[in-house]
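Data block for target25.cif (mmCIF, C-alpha atoms):
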```cif
data_query
#
loop_
_atom_site.label_atom_id
_atom_site.label_comp_id
_atom_site.auth_asym_id
_atom_site.auth_seq_id
_atom_site.Cartn_x
_atom_site.Cartn_y
_atom_site.Cartn_z
CA MET A 22 43.57 55.49 96.27
CA PRO A 23 43.03 55.26 92.52
CA ALA A 24 45.78 53.69 90.41
CA ILE A 25 48.16 56.12 88.75
CA SER A 26 47.42 56.34 85.06
CA THR A 27 50.31 55.01 83.00
CA ALA A 28 48.81 56.07 79.71
CA SER A 29 51.41 58.81 79.20
CA LEU A 30 54.32 56.54 80.01
CA PRO A 31 55.01 55.61 76.36
CA ASP A 32 55.10 59.30 75.48
CA ILE A 33 57.64 60.04 78.15
CA VAL A 34 59.76 57.11 77.11
CA PHE A 35 59.57 58.13 73.48
CA MET A 36 60.71 61.59 74.37
CA LEU A 37 63.73 60.20 76.16
CA LEU A 38 64.34 57.86 73.27
CA PHE A 39 64.41 60.69 70.76
CA PHE A 40 66.77 62.65 72.95
CA PHE A 41 69.25 59.82 73.03
CA MET A 42 68.85 59.05 69.36
CA VAL A 43 69.65 62.61 68.45
CA SER A 44 72.54 63.06 70.83
CA THR A 45 74.15 59.72 70.03
CA THR A 46 77.27 59.66 67.96
CA MET A 47 78.26 56.18 67.04
CA ARG A 48 81.93 55.50 66.64
CA GLU A 49 82.72 55.73 62.97
CA THR A 50 86.13 54.18 62.83
CA THR A 51 87.15 50.95 64.38
CA LEU A 52 90.45 51.35 66.14
CA PHE A 53 93.27 49.09 65.07
CA VAL A 54 95.70 50.66 67.48
CA SER A 55 95.28 50.88 71.21
CA VAL A 56 95.41 54.45 72.38
CA LYS A 57 95.60 55.45 76.00
CA LEU A 58 95.53 59.21 75.99
CA PRO A 59 97.80 61.18 78.30
CA GLU A 60 96.28 63.35 80.99
CA ALA A 61 96.37 67.12 81.12
CA THR A 62 94.76 69.81 83.21
CA GLU A 63 94.69 72.72 80.79
CA VAL A 64 92.58 71.10 78.11
CA VAL A 65 90.15 72.89 75.86
CA LYS A 66 87.12 71.44 74.14
CA LEU A 67 87.42 70.48 70.54
CA GLU A 68 84.68 72.32 68.75
CA LYS A 69 83.01 71.76 65.41
CA LYS A 70 83.52 68.07 65.00
CA SER A 71 82.96 68.23 61.27
CA LEU A 72 86.16 70.21 60.84
CA VAL A 73 88.28 67.72 62.70
CA SER A 74 90.20 64.84 61.23
CA TYR A 75 91.83 62.28 63.41
CA ILE A 76 95.22 60.63 63.34
CA TYR A 77 95.70 57.70 65.68
CA ILE A 78 99.15 56.59 66.74
CA GLY A 79 99.79 53.64 69.02
CA PRO A 80 100.75 50.00 69.18
CA PRO A 81 98.45 47.71 67.16
CA THR A 82 95.78 45.94 69.17
CA ARG A 83 96.23 42.29 70.00
CA THR A 84 94.47 41.00 66.91
CA TYR A 85 96.76 42.96 64.64
CA SER A 86 100.01 42.75 66.56
CA VAL A 87 100.75 39.39 64.92
CA THR A 88 100.84 40.97 61.48
CA TYR A 89 101.95 44.47 62.31
CA GLY A 90 104.18 44.01 65.34
CA THR A 91 104.03 45.93 68.56
CA GLU A 92 105.78 49.13 67.49
CA PRO A 93 103.50 52.19 67.34
CA ARG A 94 101.81 52.61 63.98
CA ILE A 95 99.74 55.30 62.34
CA GLN A 96 96.08 54.74 61.64
CA LEU A 97 94.15 56.97 59.27
CA ASN A 98 90.49 56.23 58.74
CA ASP A 99 90.18 52.47 58.57
CA SER A 100 93.65 51.18 57.90
CA PHE A 101 97.27 51.31 58.88
CA LYS A 102 99.11 53.92 56.91
CA SER A 103 102.64 55.12 56.53
CA LEU A 104 103.98 58.64 56.92
CA ASP A 105 103.79 59.36 53.20
CA ASP A 106 100.04 58.84 53.20
CA ILE A 107 99.41 61.69 55.60
CA ARG A 108 99.63 64.34 52.96
CA ASP A 109 97.09 62.58 50.76
CA PHE A 110 94.89 62.05 53.77
CA ILE A 111 94.96 65.72 54.69
CA SER A 112 94.22 66.87 51.17
CA SER A 113 91.30 64.48 50.85
CA GLU A 114 89.96 65.60 54.21
CA ARG A 115 90.32 69.16 53.07
CA ASP A 116 88.52 68.49 49.80
CA ALA A 117 85.60 67.08 51.72
CA LEU A 118 85.08 70.40 53.48
CA SER A 119 83.31 73.35 51.98
CA GLU A 120 85.55 76.03 50.57
CA SER A 121 85.05 78.50 53.38
CA ASP A 122 86.00 75.96 56.03
CA ARG A 123 89.15 74.65 54.42
CA ASN A 124 91.65 76.63 56.39
CA GLN A 125 89.83 75.77 59.59
CA LEU A 126 90.71 72.10 59.38
CA THR A 127 91.93 70.85 62.72
CA THR A 128 93.90 67.68 63.08
CA SER A 129 93.44 65.85 66.32
CA LEU A 130 96.37 63.70 67.27
CA LYS A 131 95.29 60.77 69.36
CA VAL A 132 98.58 59.37 70.48
CA ASP A 133 99.22 56.65 73.02
CA GLU A 134 101.07 57.99 76.01
CA ASN A 135 103.83 55.39 75.78
CA THR A 136 104.75 56.32 72.24
CA ARG A 137 108.17 57.82 71.62
CA MET A 138 108.25 61.33 70.20
CA GLY A 139 110.11 60.28 67.05
CA ILE A 140 107.03 59.14 65.17
CA VAL A 141 105.01 62.07 66.50
CA THR A 142 107.64 64.52 65.29
CA ASP A 143 107.60 62.88 61.86
CA VAL A 144 103.83 63.20 61.71
CA LYS A 145 104.05 66.83 62.76
CA GLN A 146 106.57 67.52 60.02
CA GLU A 147 104.26 65.90 57.48
CA LEU A 148 101.39 68.03 58.71
CA ARG A 149 103.50 71.12 58.33
CA LYS A 150 104.34 70.12 54.78
CA ALA A 151 100.64 69.65 54.11
CA SER A 152 100.10 73.02 55.83
CA ALA A 153 97.59 71.58 58.23
CA LEU A 154 98.89 73.73 61.03
CA LYS A 155 96.01 73.65 63.44
CA ILE A 156 96.47 70.65 65.64
CA ASN A 157 95.12 69.39 68.90
CA TYR A 158 96.97 67.00 71.15
CA SER A 159 94.11 64.92 72.39
CA SER A 160 94.26 64.30 76.10
CA ARG A 161 91.99 63.37 78.94
CA LYS A 162 90.91 66.01 81.37
CA MET A 163 92.55 65.57 84.70
CA VAL A 164 91.24 67.28 87.77
CA PRO A 165 94.06 69.32 89.26
CA ASN A 166 94.84 68.29 92.78
CA MET B 28 31.16 47.08 53.43
CA ALA B 29 34.03 48.15 55.58
CA ARG B 30 34.88 45.61 58.15
CA PRO B 31 35.13 47.01 61.60
CA VAL B 32 38.80 47.13 62.48
CA GLY B 33 39.52 46.25 66.00
CA GLU B 34 41.71 48.70 67.85
CA ILE B 35 45.38 47.79 67.85
CA ASN B 36 46.56 46.90 71.25
CA ALA B 37 49.11 49.54 72.15
CA SER B 38 50.06 48.29 75.53
CA SER B 39 53.31 46.78 74.28
CA MET B 40 54.34 50.09 72.75
CA ALA B 41 55.91 51.14 76.01
CA ASP B 42 57.97 47.97 76.12
CA ILE B 43 59.24 48.44 72.59
CA ALA B 44 60.13 52.03 73.31
CA PHE B 45 61.89 51.02 76.49
CA LEU B 46 63.93 48.45 74.61
CA LEU B 47 65.04 51.02 72.04
CA LEU B 48 65.73 53.51 74.79
CA ILE B 49 67.99 51.09 76.61
CA PHE B 50 69.81 50.25 73.41
CA PHE B 51 70.61 53.92 72.77
CA LEU B 52 71.47 54.52 76.39
CA VAL B 53 74.07 51.79 76.22
CA THR B 54 75.58 52.72 72.88
CA THR B 55 75.70 56.45 73.50
CA THR B 56 79.08 57.96 74.18
CA MET B 57 78.71 61.57 75.03
CA ASN B 58 82.38 62.21 75.57
CA VAL B 59 83.57 65.53 74.29
CA ASP B 60 86.97 65.52 72.74
CA THR B 61 89.40 67.54 74.74
CA GLY B 62 93.02 68.34 74.23
CA LEU B 63 95.71 70.97 74.02
CA ALA B 64 95.27 73.16 70.97
CA ARG B 65 98.43 74.21 69.18
CA MET B 66 99.47 75.86 65.97
CA LEU B 67 102.39 74.38 64.12
CA PRO B 68 104.82 76.83 62.57
CA PRO B 69 104.52 76.96 58.79
CA MET B 70 107.17 75.19 56.79
CA PRO B 71 110.05 77.55 56.04
CA ASP B 72 110.12 78.69 52.45
CA PRO B 73 113.26 77.21 50.87
CA THR B 74 113.56 80.06 48.39
CA VAL B 75 113.80 82.66 51.11
CA GLN B 76 117.06 82.99 52.96
CA GLN B 77 116.49 82.31 56.61
CA ASP B 78 117.13 85.21 58.90
CA GLN B 79 119.86 84.25 61.24
CA GLN B 80 118.58 84.26 64.78
CA ASP B 81 116.48 87.38 64.89
CA VAL B 82 115.37 86.62 68.42
CA LYS B 83 117.76 87.58 71.15
CA GLN B 84 119.01 84.92 73.48
CA ARG B 85 117.51 86.54 76.55
CA ASN B 86 114.08 86.39 74.96
CA ILE B 87 114.15 82.64 74.53
CA PHE B 88 113.30 80.20 77.24
CA THR B 89 114.65 76.89 76.06
CA VAL B 90 113.14 73.72 77.40
CA LEU B 91 114.84 70.51 76.35
CA VAL B 92 113.35 67.13 77.06
CA SER B 93 115.97 64.43 76.73
CA LYS B 94 115.38 60.90 75.58
CA SER B 95 115.43 59.69 79.16
CA ASP B 96 112.61 62.18 79.90
CA ARG B 97 114.75 64.61 81.85
CA LEU B 98 114.46 68.35 81.60
CA LEU B 99 117.10 70.87 80.71
CA VAL B 100 115.75 74.38 81.16
CA GLU B 101 117.99 77.29 80.20
CA ASP B 102 120.99 74.91 80.34
CA GLU B 103 120.14 73.76 83.83
CA MET B 104 118.75 70.46 85.00
CA LEU B 105 115.34 71.01 86.46
CA ASP B 106 112.61 68.90 87.96
CA VAL B 107 109.23 69.06 86.19
CA SER B 108 107.57 70.30 89.35
CA GLN B 109 109.59 73.51 89.16
CA LEU B 110 108.95 74.15 85.49
CA ARG B 111 105.75 76.11 85.96
CA GLU B 112 107.35 78.47 88.46
CA LYS B 113 110.36 78.96 86.22
CA ALA B 114 108.20 79.71 83.21
CA ARG B 115 106.21 82.25 85.21
CA GLU B 116 109.36 83.98 86.29
CA PHE B 117 110.47 84.12 82.67
CA ILE B 118 107.19 85.55 81.39
CA LEU B 119 106.77 88.07 84.19
CA ASN B 120 110.35 89.29 84.68
CA THR B 121 109.17 91.49 87.51
CA GLU B 122 112.58 92.93 88.35
CA ASP B 123 113.60 93.61 84.74
CA LYS B 124 116.62 91.37 85.00
CA GLU B 125 119.26 91.36 82.31
CA ASN B 126 118.94 87.68 81.49
CA LEU B 127 115.16 87.63 81.32
CA PRO B 128 113.14 88.85 78.34
CA GLU B 129 112.69 92.44 77.28
CA LYS B 130 109.33 94.13 77.32
CA ASP B 131 107.47 96.22 74.83
CA ILE B 132 105.06 98.92 75.79
CA VAL B 133 101.80 97.92 74.14
CA ASP B 134 98.40 99.53 74.17
CA VAL B 135 96.00 96.96 75.54
CA PRO B 136 92.30 97.75 75.88
CA PHE B 137 91.12 97.95 79.49
CA PHE B 138 94.72 97.95 80.72
CA GLY B 139 96.15 101.01 78.94
CA SER B 140 99.82 101.13 78.04
CA VAL B 141 101.49 98.21 79.73
CA PRO B 142 104.77 96.37 79.28
CA VAL B 143 104.29 93.09 77.45
CA THR B 144 106.99 90.49 77.43
CA LYS B 145 108.76 89.57 74.23
CA GLY B 146 109.67 86.16 75.56
CA VAL B 147 109.24 83.00 73.54
CA ILE B 148 109.25 79.53 75.03
CA SER B 149 111.07 77.12 72.82
CA LEU B 150 110.32 73.48 73.39
CA ARG B 151 112.70 70.88 72.04
CA ASN B 152 112.52 67.16 72.37
CA ASP B 153 114.46 64.10 71.40
CA ARG B 154 113.07 61.36 69.19
CA GLY B 155 113.23 59.09 72.20
CA THR B 156 111.24 61.32 74.54
CA SER B 157 108.02 59.68 75.66
CA TYR B 158 104.81 61.31 74.56
CA LYS B 159 103.54 61.29 78.10
CA MET B 160 106.44 63.41 79.30
CA TYR B 161 106.15 65.72 76.31
CA MET B 162 102.50 66.33 77.03
CA PHE B 163 103.25 66.88 80.68
CA VAL B 164 105.76 69.59 79.83
CA GLN B 165 103.38 71.18 77.32
CA ASN B 166 100.68 71.15 79.94
CA GLU B 167 102.89 72.81 82.54
CA LEU B 168 103.83 75.58 80.11
CA VAL B 169 100.21 76.22 79.15
CA ALA B 170 99.34 76.14 82.83
CA ALA B 171 101.89 78.87 83.54
CA TYR B 172 100.23 81.11 80.97
CA ASN B 173 96.77 80.26 82.18
CA GLU B 174 97.71 81.05 85.76
CA LEU B 175 98.97 84.47 84.77
CA ARG B 176 95.91 85.15 82.68
CA ASN B 177 93.66 84.12 85.52
CA GLU B 178 95.50 86.38 87.90
CA ALA B 179 95.21 89.31 85.54
CA ALA B 180 91.53 88.61 85.02
CA ARG B 181 90.88 88.41 88.71
CA ALA B 182 92.77 91.59 89.48
CA LYS B 183 91.13 93.57 86.71
CA PHE B 184 87.68 92.13 86.25
CA GLY B 185 87.23 90.21 89.47
CA LYS B 186 86.50 86.89 87.80
CA LEU B 187 88.25 83.99 86.16
CA TYR B 188 89.61 84.27 82.65
CA ASP B 189 87.11 81.74 81.33
CA ASP B 190 84.20 83.76 82.69
CA CYS B 191 85.32 86.99 81.05
CA SER B 192 83.64 88.39 77.97
CA GLU B 193 85.28 87.98 74.62
CA GLU B 194 86.77 91.48 74.54
CA GLN B 195 88.17 91.05 78.01
CA GLN B 196 89.70 87.71 77.05
CA ASP B 197 91.26 89.25 73.97
CA ALA B 198 92.77 92.00 76.08
CA ILE B 199 94.27 89.51 78.49
CA LYS B 200 95.55 87.44 75.62
CA LYS B 201 97.32 90.54 74.39
CA LEU B 202 98.76 91.12 77.83
CA TYR B 203 100.12 87.59 78.10
CA PRO B 204 100.53 86.31 74.57
CA GLN B 205 101.08 82.58 74.51
CA ARG B 206 104.21 81.97 72.54
CA ILE B 207 105.29 78.37 72.70
CA SER B 208 107.33 77.30 69.74
CA GLU B 209 107.85 73.68 68.93
CA ALA B 210 111.19 74.02 67.28
CA GLU B 211 112.44 72.15 64.28
CA PRO B 212 113.19 68.58 65.25
CA LYS B 213 116.71 68.04 66.36
CA ASN B 214 118.40 65.25 68.17
CA VAL B 215 119.11 66.30 71.69
CA GLY B 216 120.82 63.31 73.16
CA GLY B 217 123.95 63.40 71.01
CA PRO B 218 124.30 62.36 67.37
CA LYS B 219 122.29 59.49 65.92
#
```

Produce structure tokens that represent the structure in this file.
Amino acid sequence: MPAISTASLPDIVFMLLFFFMVSTTMRETTLFVSVKLPEATEVVKLEKKSLVSYIYIGPPTRTYSVTYGTEPRIQLNDSFKSLDDIRDFISSERDALSESDRNQLTTSLKVDENTRMGIVTDVKQELRKASALKINYSSRKMVPN
Amino acid sequence: MARPVGEINASSMADIAFLLLIFFLVTTTMNVDTGLARMLPPMPDPTVQQDQQDVKQRNIFTVLVSKSDRLLVEDEMLDVSQLREKAREFILNTEDKENLPEKDIVDVPFFGSVPVTKGVISLRNDRGTSYKMYMFVQNELVAAYNELRNEAARAKFGKLYDDCSEEQQDAIKKLYPQRISEAEPKNVGGPK
């Protein structure tokens, strides 16, 4: 039996490589808060990632809990922020979009499941004031039993 | 004068490519973001006088989640497992009861003139409610709507709502409009 030619192996591997390179999305923000998303069965997919801005709410991770305590905090982009910063954050996110997409801006709330609703309600009120009305409560898909 | 260039040995190419491939395989996260989509109500205009309660009491299905994560549905304590059933009953109102919502006759494509409920589900929570519980309640309410939509889709088109065409989905959406209002924040468990 002749040996199988492996000459095309690099080509195959390269093809796979390109596939993964293209489909990869590397995490852009480092999380300062630990977020364990709640589970839900009736979830929908979040489409058009470029129109989505994220708000993380949860207790600071261990490295930061010394400075920031263990109470849930808000993270926007790459830093801890307070409630008042949300409006600026939304308007800057909105400015980054093209004019036709501006009213399509979706805010994805990634909130830790052990957070109390108080801070979430405050954030929601801020979003209403900034008229970013389209929101998405991020949650993990749970298989209904 | 050109010096003969020896052919570059390409046998290690596969190894290099493999290495890169493994790197991308490991770093790739192909998770799709999922969640419950919601629209927040717009901020009330302070210059406009608010209409006092233009929705009748029978058309509102109040769900209160207290700070100890307990449910008060239509002024009755209720277990979360019963919420879906209760919400269905409210939306459907099959026997046209007095205390359940009124219906409008609406022209819906594919379905013709059908009664459509005017009910609104109003969800209220305390500042102390846990997010987990809040999401669970939200999920149950959405599930009630989705169940009804699925049933309508199966009865009419013989397939699940998600498999229907866009027009069919729109029609079903009109038949069972999802009206969940996240009311203005208010403290439920007594004064602050």

Just need the residues of chain A within 8 Å of chain B, counting all atoms listed in the file, so spit them out as number ranges by chain. A: 30-31, 34-35, 37-38, 41-42, 44-47, 59-67, 132-140, 142, 145, 149-150, 152, 154-162

So that I can check the surroundings of Asp105 in chain A, please list as number ranges by chain every protein, DNA and RNA residue that reaches within 12 Å of it, counting only C-alpha atoms and ignoring chain neighbours fewer than 5 positions away. A: 95, 97, 110-111, 143-144, 146-148, 150-151

Could you save those same residues with C-alpha atoms as a short mmCIF file (atom, residue, chain, number, x, y, z; two decimals), in the frame of the given file?
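Here's the written file again.cif:
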```
data_model
loop_
_atom_site.label_atom_id
_atom_site.label_comp_id
_atom_site.auth_asym_id
_atom_site.auth_seq_id
_atom_site.Cartn_x
_atom_site.Cartn_y
_atom_site.Cartn_z
CA ILE A 95 99.74 55.30 62.34
CA LEU A 97 94.15 56.97 59.27
CA PHE A 110 94.89 62.05 53.77
CA ILE A 111 94.96 65.72 54.69
CA ASP A 143 107.60 62.88 61.86
CA VAL A 144 103.83 63.20 61.71
CA GLN A 146 106.57 67.52 60.02
CA GLU A 147 104.26 65.90 57.48
CA LEU A 148 101.39 68.03 58.71
CA LYS A 150 104.34 70.12 54.78
CA ALA A 151 100.64 69.65 54.11
#
```

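Relative to CA of Asp109 in chain A, CA of Thr128 in chain A is found at 13.7 Å.
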
Give me the residues within 9 Å of Ala114 in chain B as a ChimeraX atom specification, counting only C-alpha atoms and dropping any in the same chain fewer than 2 places off. /B:88,109-112,116-119,148,167-168,171-172

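In this structure, CA of Lys131 in chain A sits 15.7 Å away from CA of Ala153 in chain A.
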
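Here the PyMOL selection byres ((chain B and resi 122-127) around 12) matches the residues Lys83, Gln84, Arg85, Asn86, Ile87, Phe88, Thr89, Glu101, Lys113, Ala114, Arg115, Glu116, Phe117, Ile118, Leu119, Asn120, Thr121, Pro128, Glu129, Lys130, Asp131, Pro142, Val143, Thr144, Lys145, Gly146, Val147 and Ile148 of chain B.
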
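Between CA of Arg181 in chain B and CA of Val135 in chain B the interatomic distance comes to 16.5 Å.
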
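Ranking A:Val141, A:Ser100, A:Thr127, A:Ile25 by their shortest atom-to-atom distance to Ile78 in chain A, with all atoms listed in the file included, puts A:Val141 first.
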
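Residues matched by the PyMOL selection byres ((chain A and resi 93) around 6) in this file are A:Gly79, A:Pro80, A:Glu92, A:Arg94.
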
Between A:Val164, A:Ile76, A:Thr51, A:Val43, which is the closest to Ser103 in chain A once you count only C-alpha atoms? A:Ile76

At a cut-off of 12 Å around the point (88.3, 85.8, 85.1) (file coordinates), what residues fall inside when counting only C-alpha atoms? I'd like the answer as an MDAnalysis selection string. chainID B and resid 173:193 195:196 198:199

Same residues, C-alpha atoms, saved as a CSV table (one decimal), in the frame of the given file:
```
chain,number,residue,atom,x,y,z
B,173,ASN,CA,96.8,80.3,82.2
B,174,GLU,CA,97.7,81.0,85.8
B,175,LEU,CA,99.0,84.5,84.8
B,176,ARG,CA,95.9,85.2,82.7
B,177,ASN,CA,93.7,84.1,85.5
B,178,GLU,CA,95.5,86.4,87.9
B,179,ALA,CA,95.2,89.3,85.5
B,180,ALA,CA,91.5,88.6,85.0
B,181,ARG,CA,90.9,88.4,88.7
B,182,ALA,CA,92.8,91.6,89.5
B,183,LYS,CA,91.1,93.6,86.7
B,184,PHE,CA,87.7,92.1,86.2
B,185,GLY,CA,87.2,90.2,89.5
B,186,LYS,CA,86.5,86.9,87.8
B,187,LEU,CA,88.2,84.0,86.2
B,188,TYR,CA,89.6,84.3,82.6
B,189,ASP,CA,87.1,81.7,81.3
B,190,ASP,CA,84.2,83.8,82.7
B,191,CYS,CA,85.3,87.0,81.0
B,192,SER,CA,83.6,88.4,78.0
B,193,GLU,CA,85.3,88.0,74.6
B,195,GLN,CA,88.2,91.0,78.0
B,196,GLN,CA,89.7,87.7,77.0
B,198,ALA,CA,92.8,92.0,76.1
B,199,ILE,CA,94.3,89.5,78.5
```
